[in-house]
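Asker: Structure supplied as model12.tsv; contents: TSV, C-alpha atoms and all ligand atoms.
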```
chain	number	residue	atom	x	y	z
A	398	MET	CA	-15.48	-14.74	-9.18
A	399	LYS	CA	-16.50	-12.83	-6.07
A	400	PHE	CA	-13.47	-10.57	-5.71
A	401	GLU	CA	-12.16	-8.73	-8.75
A	402	LEU	CA	-8.98	-6.90	-9.65
A	403	PRO	CA	-9.93	-3.20	-9.42
A	404	GLN	CA	-9.66	-0.96	-12.46
A	405	LEU	CA	-6.99	1.69	-11.93
A	406	PRO	CA	-7.75	5.38	-12.60
A	407	TYR	CA	-4.59	5.70	-14.74
A	408	ALA	CA	-2.86	3.79	-17.56
A	409	LEU	CA	-0.11	1.29	-16.75
A	410	ASP	CA	2.51	3.56	-18.33
A	411	ALA	CA	1.18	6.74	-16.67
A	412	LEU	CA	3.43	6.51	-13.60
A	413	GLU	CA	6.64	6.61	-15.65
A	414	PRO	CA	9.42	7.49	-15.11
A	415	HIS	CA	8.84	6.87	-11.39
A	416	ILE	CA	7.32	3.39	-11.75
A	417	SER	CA	7.68	1.71	-15.15
A	418	LYS	CA	4.95	0.14	-17.25
A	419	THR	CA	6.80	-3.18	-16.92
A	420	THR	CA	6.67	-3.03	-13.13
A	421	MET	CA	2.95	-2.22	-13.31
A	422	GLU	CA	2.34	-5.12	-15.71
A	423	TYR	CA	3.89	-7.50	-13.19
A	424	HIS	CA	2.98	-5.88	-9.88
A	425	TYR	CA	-0.65	-5.05	-10.71
A	426	GLY	CA	-1.31	-7.37	-13.64
A	427	LYS	CA	0.30	-10.49	-12.19
A	428	HIS	CA	1.01	-10.20	-8.43
A	429	HIS	CA	-2.12	-8.26	-7.41
A	430	ASN	CA	-4.21	-10.34	-9.81
A	431	ALA	CA	-2.83	-13.60	-8.40
A	432	TYR	CA	-3.85	-12.61	-4.86
A	433	VAL	CA	-7.40	-12.01	-6.15
A	434	THR	CA	-7.45	-15.40	-7.90
A	435	ASN	CA	-6.01	-17.19	-4.87
A	436	LEU	CA	-8.55	-15.57	-2.54
A	437	ASN	CA	-11.45	-16.57	-4.78
A	438	ASN	CA	-10.15	-20.14	-4.78
A	439	LEU	CA	-9.70	-20.26	-0.99
A	440	VAL	CA	-12.92	-18.83	0.46
A	441	PRO	CA	-15.62	-21.24	-0.82
A	442	GLY	CA	-16.72	-23.61	1.92
A	443	THR	CA	-15.15	-21.54	4.70
A	444	PRO	CA	-16.76	-19.16	7.24
A	445	PHE	CA	-15.58	-16.31	4.97
A	446	GLU	CA	-17.56	-17.48	1.94
A	447	ASN	CA	-19.90	-14.48	2.14
A	448	ALA	CA	-17.60	-12.06	3.96
A	449	ASP	CA	-16.51	-8.72	2.53
A	450	LEU	CA	-12.82	-8.02	2.08
A	451	GLU	CA	-12.45	-5.83	5.18
A	452	THR	CA	-13.93	-8.58	7.38
A	453	ILE	CA	-11.50	-11.08	5.86
A	454	VAL	CA	-8.58	-8.73	6.57
A	455	LYS	CA	-9.67	-8.22	10.18
A	456	GLU	CA	-10.71	-11.75	11.13
A	457	SER	CA	-9.11	-14.45	8.97
A	458	ASP	CA	-5.81	-16.26	9.31
A	459	GLY	CA	-3.50	-18.37	7.16
A	460	GLY	CA	-3.84	-18.38	3.39
A	461	ILE	CA	-7.17	-16.54	3.36
A	462	PHE	CA	-5.65	-13.72	5.41
A	463	ASN	CA	-2.43	-13.62	3.37
A	464	ASN	CA	-4.23	-13.34	0.05
A	465	GLY	CA	-7.14	-11.21	1.28
A	466	ALA	CA	-4.88	-8.67	2.97
A	467	GLN	CA	-2.60	-8.57	-0.06
A	468	VAL	CA	-5.64	-7.76	-2.23
A	469	TRP	CA	-6.70	-4.99	0.17
A	470	ASN	CA	-3.16	-3.62	0.59
A	471	HIS	CA	-2.39	-3.51	-3.14
A	472	THR	CA	-5.70	-1.85	-4.01
A	473	PHE	CA	-5.04	0.77	-1.31
A	474	TYR	CA	-1.47	1.27	-2.56
A	475	PHE	CA	-2.28	1.60	-6.27
A	476	MET	CA	-5.23	3.89	-5.55
A	477	SER	CA	-2.85	6.26	-3.70
A	478	PHE	CA	-1.04	7.12	-6.94
A	479	SER	CA	-1.64	9.75	-9.60
A	480	PRO	CA	0.47	10.77	-12.60
A	481	GLU	CA	-0.05	14.31	-11.24
A	482	GLY	CA	0.90	13.27	-7.70
A	483	GLY	CA	3.65	14.44	-5.42
A	484	GLY	CA	4.01	17.63	-3.45
A	485	ALA	CA	2.54	17.84	0.03
A	486	PRO	CA	-0.89	17.54	1.67
A	487	ASN	CA	-3.15	20.43	2.68
A	488	GLY	CA	-5.79	20.88	5.33
A	489	SER	CA	-6.37	18.73	8.40
A	490	LEU	CA	-4.02	15.94	7.26
A	491	ALA	CA	-1.19	18.47	6.85
A	492	GLU	CA	-1.92	19.84	10.34
A	493	ALA	CA	-1.90	16.34	11.84
A	494	ILE	CA	1.41	15.53	10.11
A	495	ASN	CA	2.99	18.71	11.44
A	496	LYS	CA	1.71	17.96	14.92
A	497	ALA	CA	3.00	14.37	14.94
A	498	PHE	CA	6.32	14.77	13.12
A	499	GLY	CA	7.19	18.48	13.30
A	500	SER	CA	7.06	19.12	9.54
A	501	PHE	CA	6.18	17.42	6.27
A	502	GLU	CA	9.88	16.95	5.48
A	503	ALA	CA	10.47	15.32	8.87
A	504	PHE	CA	7.50	13.01	8.24
A	505	LYS	CA	8.86	12.06	4.81
A	506	ASP	CA	12.25	11.28	6.30
A	507	GLU	CA	10.78	9.14	9.07
A	508	PHE	CA	8.42	7.27	6.74
A	509	SER	CA	11.20	6.71	4.18
A	510	LYS	CA	13.47	5.37	6.92
A	511	ALA	CA	10.74	2.98	8.14
A	512	ALA	CA	10.20	1.71	4.58
A	513	ALA	CA	13.93	1.35	3.90
A	514	THR	CA	14.71	-0.48	7.14
A	515	LEU	CA	11.75	-2.88	7.15
A	516	PHE	CA	13.50	-6.25	7.11
A	517	GLY	CA	12.28	-8.60	4.40
A	518	SER	CA	8.87	-8.19	2.75
A	519	GLY	CA	6.14	-5.94	4.08
A	520	TRP	CA	4.50	-2.55	4.16
A	521	ALA	CA	5.26	0.81	5.79
A	522	TRP	CA	2.07	2.58	6.87
A	523	LEU	CA	0.94	6.02	7.96
A	524	VAL	CA	-2.03	5.38	10.24
A	525	LYS	CA	-4.55	7.36	12.24
A	526	LYS	CA	-5.17	6.30	15.82
A	527	GLU	CA	-8.54	6.56	17.57
A	528	ASP	CA	-7.65	9.98	18.99
A	529	GLY	CA	-6.91	11.31	15.49
A	530	SER	CA	-3.14	11.40	15.92
A	531	LEU	CA	-0.81	9.91	13.32
A	532	GLU	CA	1.82	7.20	13.59
A	533	ILE	CA	4.20	5.38	11.23
A	534	ILE	CA	4.24	1.61	11.59
A	535	LYS	CA	5.86	-1.33	9.81
A	536	GLU	CA	4.03	-4.55	9.01
A	537	SER	CA	5.68	-7.73	7.72
A	538	ASN	CA	4.36	-9.78	4.82
A	539	ALA	CA	0.63	-9.06	4.33
A	540	GLY	CA	0.21	-7.19	7.64
A	541	ASN	CA	-2.58	-4.62	7.79
A	542	PRO	CA	-3.26	-1.97	10.48
A	543	LEU	CA	-7.04	-2.56	10.41
A	544	ARG	CA	-6.38	-5.61	12.57
A	545	ASN	CA	-5.20	-3.31	15.35
A	546	GLY	CA	-8.06	-0.82	15.09
A	547	LEU	CA	-5.96	1.72	13.17
A	548	THR	CA	-7.07	3.69	10.11
A	549	PRO	CA	-4.63	3.43	7.15
A	550	ILE	CA	-3.82	6.75	5.46
A	551	LEU	CA	-0.87	5.84	3.22
A	552	THR	CA	1.26	2.77	2.52
A	553	CYS	CA	4.48	1.85	0.75
A	554	ASP	CA	4.88	-1.70	-0.52
A	555	VAL	CA	8.47	-2.78	0.09
A	556	TRP	CA	8.21	-6.34	-1.21
A	557	GLU	CA	11.01	-6.71	-3.76
A	558	HIS	CA	8.43	-7.27	-6.54
A	559	ALA	CA	7.43	-3.59	-6.08
A	560	TYR	CA	10.81	-2.27	-7.23
A	561	TYR	CA	13.26	-4.92	-8.38
A	562	LEU	CA	12.56	-4.57	-12.13
A	563	ASP	CA	13.14	-0.79	-11.96
A	564	LYS	CA	15.70	-0.31	-9.20
A	565	GLN	CA	17.12	-3.81	-8.59
A	566	ASN	CA	18.35	-3.91	-4.97
A	567	LEU	CA	18.12	-0.15	-4.40
A	568	ARG	CA	14.98	0.07	-2.26
A	569	PRO	CA	15.73	3.69	-1.17
A	570	LYS	CA	15.68	4.78	-4.86
A	571	TYR	CA	12.20	3.28	-5.19
A	572	ILE	CA	11.05	5.09	-2.04
A	573	GLU	CA	12.29	8.40	-3.53
A	574	SER	CA	10.21	7.71	-6.65
A	575	PHE	CA	7.18	6.77	-4.53
A	576	TRP	CA	6.83	10.31	-3.16
A	577	ASN	CA	6.46	11.74	-6.69
A	578	LEU	CA	3.27	9.74	-7.22
A	579	ILE	CA	1.25	10.26	-4.05
A	580	ASP	CA	-2.19	11.76	-4.59
A	581	TRP	CA	-2.53	13.73	-1.36
A	582	ASP	CA	-6.23	14.38	-1.99
A	583	VAL	CA	-6.79	10.62	-1.80
A	584	ALA	CA	-4.69	10.35	1.37
A	585	ALA	CA	-6.55	13.31	2.94
A	586	SER	CA	-9.91	11.67	2.16
A	587	ARG	CA	-8.85	8.72	4.33
A	588	TYR	CA	-7.96	10.89	7.33
B	601	MN	MN	3.26	-5.79	-3.91
```
Once more with this new file: its structure as structure tokens, please.
Ligand code: MN
Answerer:
Amino acid sequence: MKFELPQLPYALDALEPHISKTTMEYHYGKHHNAYVTNLNNLVPGTPFENADLETIVKESDGGIFNNGAQVWNHTFYFMSFSPEGGGAPNGSLAEAINKAFGSFEAFKDEFSKAAATLFGSGWAWLVKKEDGSLEIIKESNAGNPLRNGLTPILTCDVWEHAYYLDKQNLRPKYIESFWNLIDWDVAASRY
């Protein structure tokens, strides 16, 4: 198996009460894992047989893209969390957020609104543009900002499988919980 499900730096119950162990068992243990398995089954015999994951995300299409980008997106998402997360960023990322959105609270509101209003399945992203400025974008399905030359800083998975076991149809409740888990040191390292 070329691609592997990454080990997480926290236990599956460590994000409670914000994200339950049951959600992690399904979202990480089954959904994320299935994208890894599917990708490994799809790439042999294709031009992506020896490609790394970032190349697959940037250049592939169809099933290889869908599964490859979902592997990348979920790894990026789960690695953004810490049981000691929450609060607000410091340093240059905090300055860039203030410059782009006015304040951290205004950024949170705008990002939460983007995540809540994304129609169907997809991902809300905070991205860095080439000039270092920040922007919030929405991507449907497996969409990934690397394809547009943008640098991902933070993402929120709004596929129903991310929240339905914990919050049922209440996506905004899940987005509120999401903020309590963000490891801003990880996000800042991506800026
Ligand atoms: Mn997901």
Asker: Please, which residues have at least one atom within 10 Å of an atom of ligand MN 601 (chain B), using only C-alpha atoms and all ligand atoms, listed as a PyMOL selection string?
Answerer: chain A and resi 423-425+427-429+432+467-468+470-472+474-475+518-520+538-539+553-560
Asker: Which polymer residues have any atom within 10 Å of an atom of Gly546 (chain A), counting only C-alpha atoms, with same-chain residues fewer than 6 positions away left out, as a PyMOL selection string?
Answerer: chain A and resi 455+524-527
Asker: Tell me, counting all atoms listed in the file, for each residue of region 450-502 of chain A within 8 Å of region 579-582 of chain A, which pair of atoms is nearest and how far apart they are in Å to one decimal, in rows ordered by chain and increasing number, as CSV.
Answerer:
```
residue,atom,partner,partner_atom,distance
A:Ser477,CA,A:Asp580,CA,5.6
A:Phe478,CA,A:Ile579,CA,4.8
A:Ser479,CA,A:Asp580,CA,5.4
A:Glu481,CA,A:Asp580,CA,7.4
A:Gly482,CA,A:Asp580,CA,4.6
A:Gly483,CA,A:Ile579,CA,5.0
A:Gly484,CA,A:Ile579,CA,7.9
A:Ala485,CA,A:Trp581,CA,6.7
A:Pro486,CA,A:Trp581,CA,5.1
A:Asn487,CA,A:Trp581,CA,7.8
```
Asker: Is there a way to get, as a list in words, all residues within 6 Å of the point (-4.5, -17.8, -2.5) in file coordinates, counting all atoms listed in the file?
Answerer: Tyr432, Asn435, Leu436, Leu439, Gly460 and Asn464 of chain A
Asker: Could you tell me how far CA of Glu502 (chain A) lies from CA of Lys418 (chain A), in Å and to one decimal?
Answerer: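 Separating CA of Glu502 (chain A) from CA of Lys418 (chain A) is a distance of 28.7 Å.
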Asker: Closest to Glu451 (chain A) among A:His415, A:Arg544, A:Lys399, A:Lys535, using all atoms listed in the file?
Answerer: A:Arg544
Asker: Quote the spacing between CA of Leu543 (chain A) and CA of Leu490 (chain A) in Å to one decimal place.
Answerer: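 A separation of 19.0 Å between them.
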Asker: List as a PyMOL selection string the protein and nucleic acid residues near Lys505 (chain A), meaning an atom at most 12 Å away when all atoms listed in the file are counted, but skip any in the same chain fewer than 6 places from it.
Answerer: chain A and resi 483-486+494-495+497-499+511-513+521-523+533+551+553+572-573+575-577+579
Asker: Taking (12.9, 1.8, -14.1) in the file's coordinates as the center, which residues reach within 12 Å of it, counting all atoms listed in the file, put as a PyMOL selection string?
Answerer: chain A and resi 410+412-421+559-565+567+570-571+574
Asker: Quick check, in Å to one decimal: how far apart do CA of Ile550 (chain A) and CA of Leu531 (chain A) lie?
Answerer: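 Separating CA of Ile550 (chain A) from CA of Leu531 (chain A) is a distance of 9.0 Å.
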Asker: Env of Arg587 (chain A): 8 Å cut, atoms = only C-alpha atoms, seq-sep filter 3 positions within chain, self excluded. Answer as number ranges by chain.
Answerer: A: 548-550, 583-584
Asker: Using only C-alpha atoms, please write the residues we just selected to a file, as an mmCIF file, in the frame of the given file.
Answerer:
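Dumped everything to again-v2.cif:
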```cif
data_model
loop_
_atom_site.group_PDB
_atom_site.id
_atom_site.type_symbol
_atom_site.label_atom_id
_atom_site.label_comp_id
_atom_site.auth_asym_id
_atom_site.auth_seq_id
_atom_site.Cartn_x
_atom_site.Cartn_y
_atom_site.Cartn_z
ATOM 1 C CA THR A 548 -7.070 3.690 10.110
ATOM 2 C CA PRO A 549 -4.630 3.430 7.150
ATOM 3 C CA ILE A 550 -3.820 6.750 5.460
ATOM 4 C CA VAL A 583 -6.790 10.620 -1.800
ATOM 5 C CA ALA A 584 -4.690 10.350 1.370
#
```
